[in-house]
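Dropping my_file07.cif in here (mmCIF, C-alpha atoms):
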```cif
data_upload
loop_
_atom_site.group_PDB
_atom_site.id
_atom_site.type_symbol
_atom_site.label_atom_id
_atom_site.label_comp_id
_atom_site.auth_asym_id
_atom_site.auth_seq_id
_atom_site.Cartn_x
_atom_site.Cartn_y
_atom_site.Cartn_z
ATOM 1 C CA MET H 1 0.000 0.000 0.000
ATOM 2 C CA ASN H 2 1.413 3.358 -1.030
ATOM 3 C CA VAL H 3 0.717 6.041 1.537
ATOM 4 C CA SER H 4 2.093 9.521 1.161
ATOM 5 C CA ARG H 5 4.139 10.810 4.043
ATOM 6 C CA PRO H 6 4.594 14.461 4.845
ATOM 7 C CA ALA H 7 8.075 15.810 4.387
ATOM 8 C CA VAL H 8 9.553 17.886 7.192
ATOM 9 C CA HIS H 9 11.942 20.615 6.180
ATOM 10 C CA PRO H 10 13.839 22.548 8.862
ATOM 11 C CA VAL H 11 13.157 26.259 8.906
ATOM 12 C CA GLU H 12 15.670 28.738 10.263
ATOM 13 C CA SER H 13 14.440 31.173 12.867
ATOM 14 C CA PRO H 14 14.935 34.881 12.262
ATOM 15 C CA PRO H 15 17.761 36.556 14.181
ATOM 16 C CA MET H 16 16.867 37.847 17.651
ATOM 17 C CA THR H 17 16.390 41.585 17.930
ATOM 18 C CA GLU H 18 16.866 43.543 21.144
ATOM 19 C CA ALA H 19 13.096 43.962 21.571
ATOM 20 C CA ALA H 20 12.603 40.227 21.269
ATOM 21 C CA VAL H 21 15.285 39.515 23.865
ATOM 22 C CA HIS H 22 14.019 41.943 26.511
ATOM 23 C CA GLY H 23 10.348 41.895 25.561
ATOM 24 C CA PRO H 24 8.267 44.903 24.596
ATOM 25 C CA ARG H 25 7.988 47.707 27.124
ATOM 26 C CA VAL H 26 4.448 48.069 28.389
ATOM 27 C CA ARG H 27 3.141 50.999 30.412
ATOM 28 C CA MET H 28 0.665 50.562 33.220
ATOM 29 C CA LYS H 29 -2.858 51.314 32.153
ATOM 30 C CA ASP H 30 -5.261 53.411 34.152
ATOM 31 C CA ILE H 31 -7.344 50.785 35.895
ATOM 32 C CA GLN H 32 -10.673 51.756 37.404
ATOM 33 C CA GLY H 33 -10.211 52.214 41.140
ATOM 34 C CA MET H 34 -6.477 52.816 40.900
ATOM 35 C CA PRO H 35 -5.135 55.372 43.408
ATOM 36 C CA GLY H 36 -5.217 58.887 41.999
ATOM 37 C CA THR H 37 -8.253 58.326 39.758
ATOM 38 C CA LYS H 38 -11.894 59.299 40.151
ATOM 39 C CA GLY H 39 -12.785 55.641 40.549
ATOM 40 C CA GLY H 40 -10.252 55.253 43.361
ATOM 41 C CA LEU H 41 -11.626 58.332 45.109
ATOM 42 C CA PHE H 42 -15.167 56.984 44.805
ATOM 43 C CA LEU H 43 -14.140 53.604 46.211
ATOM 44 C CA ARG H 44 -12.282 55.138 49.171
ATOM 45 C CA LEU H 45 -15.133 57.491 50.012
ATOM 46 C CA SER H 46 -17.657 54.668 49.811
ATOM 47 C CA GLN H 47 -15.438 52.536 52.074
ATOM 48 C CA PHE H 48 -15.343 55.394 54.563
ATOM 49 C CA ILE H 49 -19.111 55.979 54.463
ATOM 50 C CA PHE H 50 -19.961 52.288 54.912
ATOM 51 C CA SER H 51 -17.460 51.889 57.749
ATOM 52 C CA ILE H 52 -18.976 54.888 59.564
ATOM 53 C CA ILE H 53 -22.445 53.380 59.094
ATOM 54 C CA SER H 54 -21.277 50.028 60.482
ATOM 55 C CA VAL H 55 -19.613 51.671 63.507
ATOM 56 C CA SER H 56 -22.793 53.648 64.166
ATOM 57 C CA VAL H 57 -24.899 50.500 64.105
ATOM 58 C CA MET H 58 -22.494 48.634 66.404
ATOM 59 C CA VAL H 59 -22.224 51.451 68.936
ATOM 60 C CA THR H 60 -25.981 51.946 69.213
ATOM 61 C CA THR H 61 -26.569 48.410 70.498
ATOM 62 C CA ASN H 62 -27.552 47.955 74.154
ATOM 63 C CA ASP H 63 -24.759 45.606 75.208
ATOM 64 C CA PHE H 64 -21.878 47.312 73.394
ATOM 65 C CA ARG H 65 -19.662 47.726 76.478
ATOM 66 C CA SER H 66 -20.223 44.222 77.855
ATOM 67 C CA ALA H 67 -18.519 42.305 75.007
ATOM 68 C CA THR H 68 -14.763 42.944 74.852
ATOM 69 C CA ALA H 69 -14.398 41.412 71.393
ATOM 70 C CA PHE H 70 -17.149 43.700 70.152
ATOM 71 C CA CYS H 71 -15.216 46.728 71.435
ATOM 72 C CA TYR H 72 -12.116 45.538 69.556
ATOM 73 C CA LEU H 73 -14.190 45.104 66.413
ATOM 74 C CA VAL H 74 -15.417 48.687 66.707
ATOM 75 C CA LEU H 75 -11.816 49.834 67.185
ATOM 76 C CA ALA H 76 -10.702 47.923 64.073
ATOM 77 C CA VAL H 77 -13.518 49.360 61.961
ATOM 78 C CA GLY H 78 -12.683 52.830 63.268
ATOM 79 C CA LEU H 79 -9.061 52.408 62.168
ATOM 80 C CA GLN H 80 -10.271 51.144 58.807
ATOM 81 C CA SER H 81 -12.397 54.244 58.367
ATOM 82 C CA LEU H 82 -9.424 56.497 59.168
ATOM 83 C CA TRP H 83 -7.261 54.595 56.667
ATOM 84 C CA SER H 84 -9.910 54.938 53.952
ATOM 85 C CA LEU H 85 -10.362 58.633 54.698
ATOM 86 C CA SER H 86 -6.614 59.310 54.573
ATOM 87 C CA LEU H 87 -6.307 57.542 51.211
ATOM 88 C CA ALA H 88 -9.339 59.474 49.948
ATOM 89 C CA PHE H 89 -7.459 62.687 50.818
ATOM 90 C CA VAL H 90 -4.425 61.413 48.901
ATOM 91 C CA ASP H 91 -6.667 60.647 45.906
ATOM 92 C CA MET H 92 -8.245 64.125 46.121
ATOM 93 C CA TYR H 93 -4.811 65.751 46.211
ATOM 94 C CA ALA H 94 -3.629 63.708 43.217
ATOM 95 C CA LEU H 95 -6.740 64.709 41.260
ATOM 96 C CA LEU H 96 -6.392 68.385 42.191
ATOM 97 C CA VAL H 97 -2.747 68.636 41.121
ATOM 98 C CA LYS H 98 -3.420 66.303 38.154
ATOM 99 C CA ARG H 99 -0.653 63.962 39.166
ATOM 100 C CA SER H 100 -0.541 60.207 38.695
ATOM 101 C CA LEU H 101 0.128 57.911 41.646
ATOM 102 C CA ARG H 102 2.099 55.330 39.694
ATOM 103 C CA ASN H 103 4.992 55.629 42.096
ATOM 104 C CA TYR H 104 6.304 52.210 43.083
ATOM 105 C CA ILE H 105 6.730 53.153 46.745
ATOM 106 C CA ALA H 106 3.271 54.732 47.037
ATOM 107 C CA ILE H 107 1.552 51.721 45.480
ATOM 108 C CA ARG H 108 3.479 49.390 47.803
ATOM 109 C CA LEU H 109 2.443 51.503 50.823
ATOM 110 C CA PHE H 110 -1.223 51.339 49.767
ATOM 111 C CA THR H 111 -0.983 47.576 49.225
ATOM 112 C CA ILE H 112 0.658 46.880 52.582
ATOM 113 C CA GLY H 113 -1.764 49.211 54.378
ATOM 114 C CA ASP H 114 -4.792 47.573 52.789
ATOM 115 C CA GLY H 115 -3.391 44.111 53.570
ATOM 116 C CA VAL H 116 -2.766 44.922 57.222
ATOM 117 C CA ARG H 117 -6.125 46.621 57.552
ATOM 118 C CA ASP H 118 -8.055 43.721 56.008
ATOM 119 C CA SER H 119 -6.355 40.932 57.921
#
```

Give the structure from the file, written as structure tokens.
Amino acid sequence: MNVSRPAVHPVESPPMTEAAVHGPRVRMKDIQGMPGTKGGLFLRLSQFIFSIISVSVMVTTNDFRSATAFCYLVLAVGLQSLWSLSLAFVDMYALLVKRSLRNYIAIRLFTIGDGVRDS
């Protein structure tokens, strides 16, 4: 039985250019909610408003002082509201001076602060 077989011919690869070696340079895009954007300011202000509402509800209960863990929870939510408010001020400042917050150190500070606050 005669069956045709495909022929394989080696193909040379094109020479490597500098862009191919190091990869193309890509800039960060403006992501919704990124620090220094209107979306980020909206998210931080909404975090602050909802944390104030939750603290208000917790404090208005009858047995607030009797549960120690409940007092610590109110303290943690209060710190979270201060963190959100301070980052909202940073976002407002960045929007007023029309400056981007793509600084590596600033983004790392926000990330560590949000991680510590949420844990």

Please provide the set of residues having any atom within 7 Å of region 90-107 of chain H, restricted to all atoms listed in the file, with same-chain residues fewer than 3 positions apart removed, written as a list in words.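 What passes the distance filter is Pro35, Gly36, Thr37, Gly40, Leu41, Ser86, Leu87, Phe110 and Thr111 of chain H.
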
Distance criterion (all atoms listed in the file): nearest to Ser56 (chain H) out of H:Tyr72, H:Gly33, H:Gly78, H:Arg44: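 Of all the options, H:Gly78 lies closest to Ser56 (chain H).
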
Spatial neighbours of Cys71 (chain H), max dist 12 Å, all atoms listed in the file, sep filter under 5 positions, as a list in words: Val55, Met58, Val59, Thr61, Asp63, Phe64, Arg65, Ser66, Ala76, Val77 and Gly78 of chain H

Picked residues, the PyMOL selection byres ((chain H and resi 51) around 12), as a PyMOL selection string: chain H and resi 44-50+52-58+73-85

For region 100-113 of chain H, I'd like the enclosing box, axis-aligned and padded by 6 Å on every side, reported as JSON with centre and edge lengths in Å to one decimal.
```
{"center_x": 2.5, "center_y": 53.5, "center_z": 46.5, "size_x": 20.5, "size_y": 25.3, "size_z": 27.7}
```

In Å, how far is it from CA of Thr60 (chain H) to CA of Leu43 (chain H)? 25.9 Å

Separation of CA of Leu109 (chain H) from CA of Ile31 (chain H) in Å: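 Computing it gives 17.9 Å between the two atoms.
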